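What follows is the content of work_19.txt, which has compact mmCIF, C-alpha atoms:
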```txt
# COMPACT_ATOMS: atom_id res chain seq x y z
CA MET A 4 33.83 24.57 7.58
CA ARG A 5 31.37 23.12 10.05
CA SER A 6 32.05 19.98 11.94
CA ARG A 7 28.88 17.96 11.53
CA GLY A 8 29.59 15.02 13.80
CA GLU A 9 27.95 12.68 11.29
CA SER A 10 29.05 9.13 10.86
CA ALA A 11 26.78 7.78 8.08
CA PRO A 12 27.96 8.40 4.50
CA LEU A 13 26.74 11.55 2.81
CA PRO A 14 26.66 12.20 -0.93
CA LYS A 15 29.89 13.37 -2.48
CA VAL A 16 28.49 16.62 -3.85
CA ASN A 17 28.81 19.07 -0.99
CA LEU A 18 25.58 20.89 -0.35
CA ALA A 19 26.50 22.03 3.14
CA GLU A 20 25.93 25.67 2.21
CA LEU A 21 22.38 24.95 1.17
CA THR A 22 20.56 24.59 4.44
CA PRO A 23 17.03 23.36 3.90
CA LYS A 24 14.80 23.73 6.93
CA LEU A 25 13.96 20.40 8.52
CA MET A 26 10.15 20.54 8.62
CA PRO A 27 9.58 21.61 5.01
CA TYR A 28 12.14 18.98 3.97
CA LEU A 29 10.30 16.28 5.94
CA GLY A 30 6.86 17.44 4.85
CA GLN A 31 7.76 17.29 1.17
CA ALA A 32 9.71 14.05 1.44
CA ALA A 33 6.94 12.32 3.42
CA TYR A 34 4.17 13.46 1.09
CA LEU A 35 6.20 12.47 -1.98
CA GLN A 36 6.68 8.94 -0.65
CA LEU A 37 2.95 8.76 0.11
CA SER A 38 2.32 9.82 -3.45
CA PHE A 39 4.73 7.16 -4.83
CA PHE A 40 2.97 4.63 -2.62
CA GLU A 41 -0.41 5.62 -4.04
CA ALA A 42 0.90 5.24 -7.60
CA ALA A 43 2.60 1.90 -6.91
CA SER A 44 -0.45 0.44 -5.19
CA ARG A 45 -2.68 1.57 -8.06
CA LEU A 46 -0.33 -0.27 -10.43
CA THR A 47 -0.54 -3.30 -8.14
CA ALA A 48 -4.32 -3.27 -8.42
CA GLU A 49 -4.17 -2.82 -12.21
CA ALA A 50 -1.60 -5.60 -12.80
CA VAL A 51 -3.01 -8.51 -14.78
CA GLU A 52 -0.56 -11.19 -13.61
CA VAL A 53 -0.61 -12.30 -9.98
CA GLN A 54 3.20 -12.45 -10.08
CA ASP A 55 3.37 -8.76 -11.08
CA LYS A 56 0.93 -7.91 -8.30
CA LEU A 57 3.21 -9.60 -5.78
CA ALA A 58 6.27 -7.74 -7.04
CA LEU A 59 4.54 -4.35 -7.13
CA ALA A 60 2.98 -4.85 -3.70
CA LEU A 61 6.54 -5.28 -2.37
CA THR A 62 7.59 -2.00 -3.98
CA ALA A 63 4.49 -0.21 -2.71
CA GLY A 64 5.24 -1.53 0.76
CA GLN A 65 8.77 -0.12 0.65
CA MET A 66 7.47 3.30 -0.36
CA LEU A 67 4.89 3.18 2.43
CA ASP A 68 7.64 2.21 4.85
CA LYS A 69 9.71 5.23 3.80
CA HIS A 70 6.67 7.47 4.14
CA GLN A 71 5.98 6.14 7.64
CA GLN A 72 9.60 6.53 8.72
CA LEU A 73 9.53 10.16 7.56
CA VAL A 74 6.22 10.68 9.40
CA ALA A 75 7.89 9.26 12.52
CA GLU A 76 10.71 11.80 12.08
CA ILE A 77 8.15 14.63 11.91
CA HIS A 78 6.66 13.33 15.19
CA ARG A 79 10.09 12.96 16.78
CA HIS A 80 10.89 16.59 15.97
CA GLY A 81 7.64 17.80 17.47
CA GLY A 82 5.63 18.32 14.29
CA VAL A 83 2.06 17.28 13.49
CA PRO A 84 2.48 15.17 10.33
CA SER A 85 -0.71 16.19 8.51
CA GLU A 86 0.01 19.88 9.18
CA VAL A 87 3.63 19.61 8.09
CA MET A 88 2.66 17.86 4.82
CA GLU A 89 -0.45 19.89 4.02
CA PRO A 90 1.29 22.91 2.38
CA PHE A 91 2.88 20.63 -0.23
CA ALA A 92 -0.09 18.38 -0.96
CA ALA A 93 -1.65 20.31 -3.85
CA ARG A 94 1.63 20.88 -5.68
CA ILE A 95 2.74 17.25 -5.33
CA ASP A 96 -0.73 15.96 -6.31
CA GLY A 97 -0.55 18.14 -9.42
CA TYR A 98 2.90 16.82 -10.26
CA SER A 99 1.76 13.21 -9.73
CA ALA A 100 -1.16 13.73 -12.08
CA MET A 101 1.17 15.16 -14.75
CA VAL A 102 3.52 12.18 -14.68
CA ARG A 103 0.80 9.57 -14.22
CA GLY A 104 0.97 8.29 -17.80
CA ALA A 105 -1.69 7.06 -20.18
CA ASN A 106 -1.38 3.34 -19.51
CA TRP A 107 0.07 0.75 -17.15
CA HIS A 108 3.53 0.65 -18.74
CA GLU A 109 3.84 4.43 -18.86
CA SER A 110 2.78 4.63 -15.21
CA LEU A 111 5.31 1.95 -14.29
CA THR A 112 8.04 3.85 -16.13
CA SER A 113 7.04 7.03 -14.34
CA ILE A 114 7.16 5.60 -10.88
CA TYR A 115 10.50 3.97 -11.61
CA LEU A 116 12.08 7.15 -12.99
CA THR A 117 10.48 9.75 -10.74
CA ALA A 118 10.96 7.89 -7.46
CA GLY A 119 14.53 7.19 -8.59
CA LEU A 120 15.31 10.80 -9.39
CA LEU A 121 13.56 12.34 -6.40
CA ASP A 122 15.01 9.83 -3.92
CA ASP A 123 18.45 10.78 -5.25
CA PHE A 124 17.60 14.46 -5.04
CA PHE A 125 16.31 14.33 -1.46
CA THR A 126 19.38 12.32 -0.53
CA PHE A 127 21.60 15.12 -1.84
CA LEU A 128 19.44 17.78 -0.20
CA ALA A 129 19.81 15.95 3.13
CA ALA A 130 23.49 16.91 3.22
CA GLY A 131 22.53 20.46 4.12
CA LEU A 132 20.23 19.65 7.03
CA ALA A 133 21.48 21.09 10.31
CA ASN A 134 22.00 19.30 13.65
CA GLY A 135 23.18 16.03 12.17
CA ASN A 136 19.77 15.18 10.70
CA GLY A 137 21.19 14.38 7.25
CA PRO A 138 22.41 10.80 7.64
CA LYS A 139 19.07 9.54 8.94
CA MET A 140 17.33 11.01 5.87
CA VAL A 141 19.93 9.46 3.58
CA GLN A 142 19.31 6.12 5.25
CA ILE A 143 15.52 6.36 4.90
CA HIS A 144 15.75 7.32 1.24
CA ALA A 145 18.12 4.44 0.50
CA LEU A 146 15.49 1.87 1.50
CA GLY A 147 14.54 -0.29 -1.50
CA SER A 148 15.92 2.41 -3.77
CA GLN A 149 16.78 -0.04 -6.54
CA ARG A 150 13.15 -0.83 -7.26
CA LYS A 151 14.36 -4.01 -8.99
CA GLU A 152 10.85 -5.46 -9.20
CA ILE A 153 9.68 -2.61 -11.44
CA ALA A 154 12.87 -2.65 -13.51
CA GLN A 155 12.43 -6.37 -14.18
CA ILE A 156 8.81 -6.07 -15.30
CA LEU A 157 9.70 -3.14 -17.58
CA SER A 158 12.84 -4.69 -19.05
CA ARG A 159 10.93 -7.86 -19.92
CA ALA A 160 8.14 -5.89 -21.63
CA ILE A 161 10.55 -3.59 -23.49
CA SER A 162 12.75 -6.37 -24.82
CA ALA A 163 9.62 -8.15 -26.09
CA ASP A 164 8.18 -5.12 -27.89
CA GLN A 165 10.40 -2.59 -29.64
CA ARG A 166 7.54 -0.20 -30.26
CA LEU A 167 6.74 -0.11 -26.55
CA GLY A 168 10.43 0.68 -26.01
CA SER A 169 10.39 3.82 -28.14
CA GLN A 170 7.07 4.94 -26.69
CA LEU A 171 8.46 4.61 -23.15
CA ALA A 172 11.76 6.30 -24.08
CA MET A 173 9.79 9.33 -25.26
CA TRP A 174 7.64 9.26 -22.15
CA GLY A 175 10.74 9.02 -19.95
CA ARG A 176 12.16 12.18 -21.54
CA ARG A 177 8.99 14.08 -20.76
CA VAL A 178 8.76 12.81 -17.21
CA VAL A 179 12.31 13.86 -16.36
CA GLY A 180 11.58 17.47 -17.32
CA ASP A 181 8.58 17.71 -14.99
CA THR A 182 10.52 15.97 -12.25
CA LEU A 183 13.49 18.35 -12.43
CA LEU A 184 11.07 21.28 -12.11
CA MET A 185 9.58 19.54 -9.09
CA ALA A 186 13.03 19.10 -7.56
CA ARG A 187 13.93 22.73 -8.23
CA SER A 188 10.77 23.97 -6.55
CA ALA A 189 11.48 21.71 -3.56
CA ILE A 190 14.60 23.76 -2.83
CA HIS A 191 12.66 27.00 -2.56
CA GLN A 192 9.89 25.31 -0.59
CA SER A 193 12.54 24.13 1.86
CA GLY A 194 13.38 27.69 2.72
CA ASN A 195 16.21 28.36 0.28
CA ALA A 196 16.54 31.49 -1.79
CA VAL A 197 16.39 31.59 -5.57
CA SER A 198 20.06 32.58 -5.46
CA ASP A 199 20.86 29.12 -4.12
CA GLU A 200 20.09 27.66 -7.51
CA LEU A 201 23.66 28.01 -8.69
CA LYS A 202 24.85 25.93 -5.77
CA ILE A 203 22.44 23.21 -6.74
CA GLU A 204 23.66 22.81 -10.34
CA PRO A 205 26.21 20.05 -9.54
CA VAL A 206 23.42 18.10 -7.89
CA PHE A 207 21.29 18.30 -11.02
CA THR A 208 24.24 17.00 -13.04
CA GLU A 209 24.49 14.03 -10.68
CA VAL A 210 20.80 13.17 -10.58
CA ILE A 211 20.51 13.42 -14.36
CA ALA A 212 23.49 11.07 -14.76
CA ALA A 213 21.82 8.55 -12.45
CA HIS A 214 18.57 8.97 -14.38
CA THR A 215 20.38 8.23 -17.65
CA ARG A 216 21.83 5.06 -16.11
CA ARG A 217 18.32 3.98 -15.11
CA MET A 218 17.04 4.58 -18.66
CA ASP A 219 20.01 2.63 -20.07
CA GLY A 220 19.34 -0.19 -17.64
CA LEU A 221 15.83 -0.54 -19.04
CA GLY A 222 17.16 -0.51 -22.60
CA LEU A 223 15.81 3.00 -23.26
CA THR A 224 17.68 5.92 -24.83
CA ALA A 225 17.61 8.87 -22.46
CA MET B 28 -10.91 -36.18 19.65
CA ARG B 29 -7.54 -35.24 18.26
CA SER B 30 -4.83 -33.72 20.36
CA ARG B 31 -3.65 -30.69 18.41
CA GLY B 32 -0.68 -29.59 20.51
CA GLU B 33 -1.57 -25.96 19.88
CA SER B 34 -0.85 -23.28 22.44
CA ALA B 35 -2.25 -20.09 20.86
CA PRO B 36 -5.95 -19.40 21.45
CA LEU B 37 -8.36 -20.74 18.86
CA PRO B 38 -11.93 -19.57 18.27
CA LYS B 39 -14.51 -21.10 20.56
CA VAL B 40 -16.66 -22.60 17.79
CA ASN B 41 -15.15 -26.00 17.16
CA LEU B 42 -14.46 -26.52 13.48
CA ALA B 43 -12.00 -29.35 14.02
CA GLU B 44 -14.08 -31.65 11.82
CA LEU B 45 -13.85 -29.23 8.91
CA THR B 46 -10.34 -29.70 7.62
CA PRO B 47 -9.50 -27.10 4.99
CA LYS B 48 -6.40 -27.92 3.00
CA LEU B 49 -3.51 -25.63 3.83
CA MET B 50 -2.53 -24.33 0.38
CA PRO B 51 -6.03 -23.37 -0.81
CA TYR B 52 -6.57 -21.75 2.57
CA LEU B 53 -3.35 -19.74 2.26
CA GLY B 54 -3.91 -18.88 -1.41
CA GLN B 55 -7.36 -17.46 -0.73
CA ALA B 56 -6.38 -15.69 2.47
CA ALA B 57 -3.28 -14.11 0.90
CA TYR B 58 -5.12 -12.95 -2.23
CA LEU B 59 -7.97 -11.56 -0.14
CA GLN B 60 -5.57 -9.47 1.93
CA LEU B 61 -3.92 -8.26 -1.27
CA SER B 62 -7.34 -7.28 -2.51
CA PHE B 63 -8.15 -5.44 0.75
CA PHE B 64 -4.80 -3.69 0.45
CA GLU B 65 -5.62 -2.57 -3.10
CA ALA B 66 -8.97 -1.17 -1.97
CA ALA B 67 -7.51 0.58 1.09
CA SER B 68 -4.69 2.16 -0.89
CA ARG B 69 -7.14 3.37 -3.54
CA LEU B 70 -9.13 5.02 -0.76
CA THR B 71 -5.89 6.54 0.54
CA ALA B 72 -5.24 8.07 -2.87
CA GLU B 73 -8.82 9.33 -3.15
CA ALA B 74 -8.93 10.87 0.34
CA VAL B 75 -9.24 14.66 0.29
CA GLU B 76 -7.79 15.37 3.74
CA VAL B 77 -4.11 14.68 4.40
CA GLN B 78 -5.07 13.39 7.84
CA ASP B 79 -7.40 10.79 6.30
CA LYS B 80 -4.63 9.78 3.89
CA LEU B 81 -2.30 9.17 6.83
CA ALA B 82 -4.89 7.08 8.65
CA LEU B 83 -5.83 5.02 5.59
CA ALA B 84 -2.20 4.48 4.61
CA LEU B 85 -1.71 2.89 8.04
CA THR B 86 -4.64 0.55 7.44
CA ALA B 87 -3.43 -0.30 3.94
CA GLY B 88 -0.02 -1.07 5.39
CA GLN B 89 -1.49 -3.50 7.92
CA MET B 90 -3.37 -5.32 5.17
CA LEU B 91 -0.21 -5.50 3.07
CA ASP B 92 1.65 -6.83 6.09
CA LYS B 93 -0.94 -9.59 6.55
CA HIS B 94 -0.72 -10.41 2.84
CA GLN B 95 3.06 -10.65 3.02
CA GLN B 96 2.99 -12.81 6.14
CA LEU B 97 0.60 -15.20 4.40
CA VAL B 98 2.86 -15.20 1.31
CA ALA B 99 5.78 -16.06 3.61
CA GLU B 100 3.73 -19.00 4.95
CA ILE B 101 3.14 -20.25 1.41
CA HIS B 102 6.91 -20.11 0.85
CA ARG B 103 7.62 -21.82 4.15
CA HIS B 104 5.34 -24.70 3.22
CA GLY B 105 7.02 -25.12 -0.16
CA GLY B 106 4.46 -23.36 -2.37
CA VAL B 107 5.01 -20.81 -5.14
CA PRO B 108 2.89 -17.85 -3.99
CA SER B 109 1.67 -16.66 -7.39
CA GLU B 110 0.67 -20.23 -8.36
CA VAL B 111 -1.06 -20.88 -5.07
CA MET B 112 -3.07 -17.63 -5.32
CA GLU B 113 -3.83 -17.73 -9.06
CA PRO B 114 -6.84 -20.12 -8.94
CA PHE B 115 -8.69 -17.70 -6.65
CA ALA B 116 -7.78 -14.41 -8.33
CA ALA B 117 -10.71 -14.11 -10.75
CA ARG B 118 -13.35 -15.00 -8.17
CA ILE B 119 -11.95 -12.64 -5.55
CA ASP B 120 -11.49 -9.83 -8.12
CA GLY B 121 -15.13 -10.29 -9.11
CA TYR B 122 -16.22 -10.14 -5.48
CA SER B 123 -14.11 -7.01 -4.84
CA ALA B 124 -15.70 -5.28 -7.83
CA MET B 125 -19.18 -6.16 -6.53
CA VAL B 126 -18.57 -4.66 -3.09
CA ARG B 127 -16.52 -1.70 -4.35
CA GLY B 128 -19.27 0.86 -3.80
CA ALA B 129 -20.27 3.94 -5.79
CA ASN B 130 -18.34 6.54 -3.82
CA TRP B 131 -15.61 7.02 -1.22
CA HIS B 132 -17.84 6.51 1.82
CA GLU B 133 -19.46 3.38 0.41
CA SER B 134 -16.02 2.00 -0.42
CA LEU B 135 -14.78 2.79 3.09
CA THR B 136 -17.82 1.04 4.57
CA SER B 137 -17.18 -1.96 2.35
CA ILE B 138 -13.56 -2.39 3.29
CA TYR B 139 -14.43 -2.01 6.96
CA LEU B 140 -17.24 -4.56 6.87
CA THR B 141 -15.82 -7.07 4.41
CA ALA B 142 -12.32 -7.21 5.85
CA GLY B 143 -13.91 -7.48 9.29
CA LEU B 144 -16.20 -10.34 8.33
CA LEU B 145 -13.67 -12.27 6.25
CA ASP B 146 -10.87 -11.89 8.80
CA ASP B 147 -13.26 -13.37 11.37
CA PHE B 148 -14.25 -16.13 8.98
CA PHE B 149 -10.69 -17.12 8.09
CA THR B 150 -9.85 -17.08 11.79
CA PHE B 151 -12.63 -19.62 12.43
CA LEU B 152 -11.63 -21.66 9.41
CA ALA B 153 -8.05 -21.82 10.73
CA ALA B 154 -9.25 -24.04 13.58
CA GLY B 155 -9.56 -26.95 11.19
CA LEU B 156 -6.08 -26.73 9.65
CA ALA B 157 -4.00 -29.83 10.33
CA ASN B 158 -0.48 -30.05 11.79
CA GLY B 159 -0.83 -27.19 14.22
CA ASN B 160 -1.01 -24.57 11.46
CA GLY B 161 -4.13 -22.93 12.88
CA PRO B 162 -2.73 -20.66 15.61
CA LYS B 163 -0.28 -18.95 13.26
CA MET B 164 -3.14 -18.11 10.88
CA VAL B 165 -5.25 -16.82 13.77
CA GLN B 166 -2.34 -14.62 14.81
CA ILE B 167 -1.82 -13.21 11.29
CA HIS B 168 -5.51 -12.44 10.86
CA ALA B 169 -5.65 -10.68 14.23
CA LEU B 170 -3.15 -8.03 13.07
CA GLY B 171 -4.79 -4.59 13.02
CA SER B 172 -8.16 -6.28 12.92
CA GLN B 173 -9.94 -3.40 14.64
CA ARG B 174 -9.38 -1.03 11.70
CA LYS B 175 -10.04 1.85 14.11
CA GLU B 176 -8.82 4.44 11.61
CA ILE B 177 -11.60 3.57 9.16
CA ALA B 178 -14.20 3.33 11.92
CA GLN B 179 -13.30 6.81 13.15
CA ILE B 180 -13.54 8.42 9.73
CA LEU B 181 -16.89 6.74 9.08
CA SER B 182 -18.39 7.46 12.51
CA ARG B 183 -17.52 11.13 12.17
CA ALA B 184 -19.09 11.37 8.70
CA ILE B 185 -22.21 9.42 9.73
CA SER B 186 -22.88 11.45 12.87
CA ALA B 187 -22.59 14.64 10.78
CA ASP B 188 -24.97 13.53 8.03
CA GLN B 189 -28.02 11.42 8.82
CA ARG B 190 -28.80 10.83 5.16
CA LEU B 191 -25.33 9.40 4.60
CA GLY B 192 -26.03 7.12 7.57
CA SER B 193 -29.12 5.57 6.03
CA GLN B 194 -27.42 5.24 2.64
CA LEU B 195 -24.49 3.40 4.23
CA ALA B 196 -26.76 1.20 6.36
CA MET B 197 -28.48 0.02 3.18
CA TRP B 198 -25.15 -0.50 1.46
CA GLY B 199 -23.85 -2.47 4.47
CA ARG B 200 -26.80 -4.85 4.23
CA ARG B 201 -26.07 -5.55 0.59
CA VAL B 202 -22.36 -6.01 1.16
CA VAL B 203 -22.85 -8.58 3.89
CA GLY B 204 -24.89 -10.82 1.59
CA ASP B 205 -22.16 -10.91 -1.06
CA THR B 206 -19.54 -11.47 1.61
CA LEU B 207 -21.33 -14.43 3.18
CA LEU B 208 -21.56 -16.03 -0.26
CA MET B 209 -17.83 -15.42 -0.66
CA ALA B 210 -17.15 -17.05 2.70
CA ARG B 211 -19.35 -20.02 1.84
CA SER B 212 -17.55 -20.60 -1.43
CA ALA B 213 -14.19 -20.36 0.35
CA ILE B 214 -15.09 -23.52 2.28
CA HIS B 215 -15.58 -25.53 -0.89
CA GLN B 216 -12.52 -24.02 -2.50
CA SER B 217 -10.51 -25.13 0.51
CA GLY B 218 -11.32 -28.74 -0.28
CA ASN B 219 -14.45 -29.27 1.81
CA ALA B 220 -17.58 -31.00 0.61
CA VAL B 221 -20.97 -29.33 0.24
CA SER B 222 -22.14 -31.59 3.10
CA ASP B 223 -19.79 -29.68 5.40
CA GLU B 224 -22.08 -26.67 5.18
CA LEU B 225 -24.14 -27.77 8.16
CA LYS B 226 -21.02 -27.87 10.28
CA ILE B 227 -20.27 -24.28 9.31
CA GLU B 228 -23.63 -22.83 10.37
CA PRO B 229 -22.51 -21.91 13.93
CA VAL B 230 -19.61 -20.00 12.38
CA PHE B 231 -21.95 -17.96 10.24
CA THR B 232 -23.99 -17.15 13.32
CA GLU B 233 -20.82 -15.87 15.03
CA VAL B 234 -19.50 -13.81 12.12
CA ILE B 235 -22.91 -12.22 11.52
CA ALA B 236 -23.10 -11.27 15.22
CA ALA B 237 -19.67 -9.62 14.99
CA HIS B 238 -20.75 -7.86 11.79
CA THR B 239 -23.85 -6.51 13.56
CA ARG B 240 -21.65 -5.18 16.36
CA ARG B 241 -19.48 -3.39 13.74
CA MET B 242 -22.56 -1.82 12.15
CA ASP B 243 -23.82 -0.73 15.62
CA GLY B 244 -20.40 0.73 16.37
CA LEU B 245 -20.67 2.96 13.32
CA GLY B 246 -24.18 4.03 14.30
CA LEU B 247 -25.78 1.99 11.51
CA THR B 248 -28.74 -0.37 11.80
CA ALA B 249 -27.72 -3.82 10.54
```

Take the structure from the file and write it as structure tokens.
Amino acid sequence: MRSRGESAPLPKVNLAELTPKLMPYLGQAAYLQLSFFEAASRLTAEAVEVQDKLALALTAGQMLDKHQQLVAEIHRHGGVPSEVMEPFAARIDGYSAMVRGANWHESLTSIYLTAGLLDDFFTFLAAGLANGNGPKMVQIHALGSQRKEIAQILSRAISADQRLGSQLAMWGRRVVGDTLLMARSAIHQSGNAVSDELKIEPVFTEVIAAHTRRMDGLGLTA
Amino acid sequence: MRSRGESAPLPKVNLAELTPKLMPYLGQAAYLQLSFFEAASRLTAEAVEVQDKLALALTAGQMLDKHQQLVAEIHRHGGVPSEVMEPFAARIDGYSAMVRGANWHESLTSIYLTAGLLDDFFTFLAAGLANGNGPKMVQIHALGSQRKEIAQILSRAISADQRLGSQLAMWGRRVVGDTLLMARSAIHQSGNAVSDELKIEPVFTEVIAAHTRRMDGLGLTA
């Protein structure tokens, strides 16, 4: 048992034995938020209603804020942000393209579900960071993590159009598969061995449960 | 001569006789910044180098910040932001499409030149706002108005490729025409008569001079 000297709350699943290295953690987390920001701002630009643009611009701004806070952490720990993110760029770009969706509502659903799941995942992963770095990462990932603006736009559209609902439910099921693979690869990229996968299983149970609650909240069957 | 009771610096060209109405001013200014934000975040997503993404995300964030500060002003003055912006959305969207450019470098040049010119223009226009509202608008528009990140990326590319330089110089000349028309129409949309156009001529002289300095700074002939 290590004394961690941390005061901020950490997730209840104990990942202390998984010890991701700080820089790969930050590089992936920062590039992911940049990628969410790019998706959310594209959806802002493609929104037809000015009111939706306003709501999505808020969400995009929160993602950008998280990205910039993670970049500041890279700086603070002596890293060069572009160099620390670079090794993960191609893989995350590929993932983003896969979950992009074929239309505005699919893309909205994707950003809501993927940012939700991966924020949860990186929050859990933070528990294993050494030198008391975990709580700060938990705090950054908690910022605007409800994404209420997106949920409201989607719920309204889904309740008005049953067919859209079943299309998005199907899309949500596909997106979660790709996102879990992404999360799994993030562990190895953070310097953990394949053998650590067993330790991570309880985390996957938790993030999938939270994902199911998000689907339910939208009126979609997970 | 009116006493304005303003303490923050106002532009030296006196536009006190042009009195744009506050809500149309705010609606246009807020939607324009949203539109700049959309363009800058698209360029962030399309950037190949992670370092360029970081730089452009900063710029996009500043534009979003300006947008949100203007939205907060609409709120503060009792307006509903989406309703106040709505009447200007189609015209500004049309303008943004016209100056979008055919490739990444043209788009970068556009955002640099158009945001530069229109920020200057709305700063001048602010001088005529009643009830001491001008200085706040000047202050908001001054935020990140140098857009150094974009200028650096462009200067580097232009000095490395003479042909790109002449292509972008030509594009800059076209963009400025569309943007001056946009600025002119903003006066009328803000509740001023066509006869006010004469009063605005000195402002156009000033904003064109600043535009020429921006072109020079990039190494382009205006």

Pull out every residue of chain B sitting within 10 Å of chain A, counting all atoms listed in the file, and send them as an MDAnalysis selection string.
-> chainID B and resid 58 61:62 64:73 75:81 84:85 87:88 91:92 94:95 98 107:113 116 120

Rounded to one decimal place, report the atom CA of Ser148 of chain A-atom CA of Ala74 of chain B distance in Å.
-> 26.6 Å

So how many Å separate atom CA of Gln189 of chain B and atom CA of Val203 of chain B, to one decimal?
-> 21.2 Å

Would you be able to write out as a VMD selection string which residues have an atom within 12 Å of (6.4, -5.3, -18.6) in the file's coordinates, counting all atoms listed in the file?
-> chain A and resid 46 50 to 52 54 to 56 58 to 59 106 to 112 152 to 164 167 to 168 171 221

Atomic separation - atom CA of Thr126 of chain A relative to atom CA of Leu73 of chain A, Å = 12.9 Å

Find the residues around Met242 of chain B up to 9 Å (all atoms listed in the file counted), leave out those fewer than 4 positions away in its own chain, and share them as a list in words.
-> Leu140, Ala196, Gly199, Ala237, His238, Gly246, Leu247, Thr248 and Ala249 of chain B

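Here the question is which of B:Leu152, B:Met197, B:Ala57, B:Met50 gets nearest to Gly106 of chain B using only C-alpha atoms, and that residue is B:Met50.
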
Would you kindly identify which residues have an atom no farther than 9 Å from (9.1, 15.9, 1.6), using all atoms listed in the file and the file's own coordinates, and write them out as a VMD selection string?
-> chain A and resid 26 to 36 73 88 91 125 189 193

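Of the residues under consideration (B:Ile101, B:Ile138, B:Leu156, B:Met90), B:Leu156 shows the shortest atom-to-atom contact distance to Gly218 of chain B when counting only C-alpha atoms.
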
Output segment 109-113 of chain A with all heavy atoms present, as a PDB file, keeping the file's coordinate frame.
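Saved result, out_29.pdb, follows:
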```pdb
ATOM      1  N   GLU A 109       3.372   3.052 -19.070  1.00  0.00           N
ATOM      2  CA  GLU A 109       3.840   4.430 -18.860  1.00  0.00           C
ATOM      3  C   GLU A 109       3.865   4.767 -17.365  1.00  0.00           C
ATOM      4  O   GLU A 109       4.805   5.398 -16.878  1.00  0.00           O
ATOM      5  CB  GLU A 109       2.952   5.435 -19.618  1.00  0.00           C
ATOM      6  CG  GLU A 109       3.281   5.506 -21.103  1.00  0.00           C
ATOM      7  CD  GLU A 109       2.629   6.712 -21.818  1.00  0.00           C
ATOM      8  OE1 GLU A 109       1.994   7.558 -21.140  1.00  0.00           O
ATOM      9  OE2 GLU A 109       2.762   6.791 -23.051  1.00  0.00           O
ATOM     10  N   SER A 110       2.830   4.350 -16.651  1.00  0.00           N
ATOM     11  CA  SER A 110       2.780   4.630 -15.210  1.00  0.00           C
ATOM     12  C   SER A 110       3.924   3.934 -14.484  1.00  0.00           C
ATOM     13  O   SER A 110       4.540   4.501 -13.581  1.00  0.00           O
ATOM     14  CB  SER A 110       1.445   4.175 -14.622  1.00  0.00           C
ATOM     15  OG  SER A 110       0.378   4.857 -15.213  1.00  0.00           O
ATOM     16  N   LEU A 111       4.195   2.693 -14.885  1.00  0.00           N
ATOM     17  CA  LEU A 111       5.310   1.950 -14.290  1.00  0.00           C
ATOM     18  C   LEU A 111       6.637   2.675 -14.524  1.00  0.00           C
ATOM     19  O   LEU A 111       7.467   2.802 -13.630  1.00  0.00           O
ATOM     20  CB  LEU A 111       5.435   0.568 -14.929  1.00  0.00           C
ATOM     21  CG  LEU A 111       4.859  -0.645 -14.231  1.00  0.00           C
ATOM     22  CD1 LEU A 111       5.303  -1.898 -14.955  1.00  0.00           C
ATOM     23  CD2 LEU A 111       5.269  -0.698 -12.766  1.00  0.00           C
ATOM     24  N   THR A 112       6.821   3.127 -15.776  1.00  0.00           N
ATOM     25  CA  THR A 112       8.040   3.850 -16.130  1.00  0.00           C
ATOM     26  C   THR A 112       8.157   5.108 -15.287  1.00  0.00           C
ATOM     27  O   THR A 112       9.231   5.434 -14.777  1.00  0.00           O
ATOM     28  CB  THR A 112       8.018   4.215 -17.634  1.00  0.00           C
ATOM     29  OG1 THR A 112       7.802   3.008 -18.383  1.00  0.00           O
ATOM     30  CG2 THR A 112       9.316   4.857 -18.077  1.00  0.00           C
ATOM     31  N   SER A 113       7.047   5.804 -15.137  1.00  0.00           N
ATOM     32  CA  SER A 113       7.040   7.030 -14.340  1.00  0.00           C
ATOM     33  C   SER A 113       7.466   6.782 -12.913  1.00  0.00           C
ATOM     34  O   SER A 113       8.327   7.473 -12.380  1.00  0.00           O
ATOM     35  CB  SER A 113       5.647   7.657 -14.306  1.00  0.00           C
ATOM     36  OG  SER A 113       5.426   8.386 -15.468  1.00  0.00           O
TER      37      SER A 113
END
```
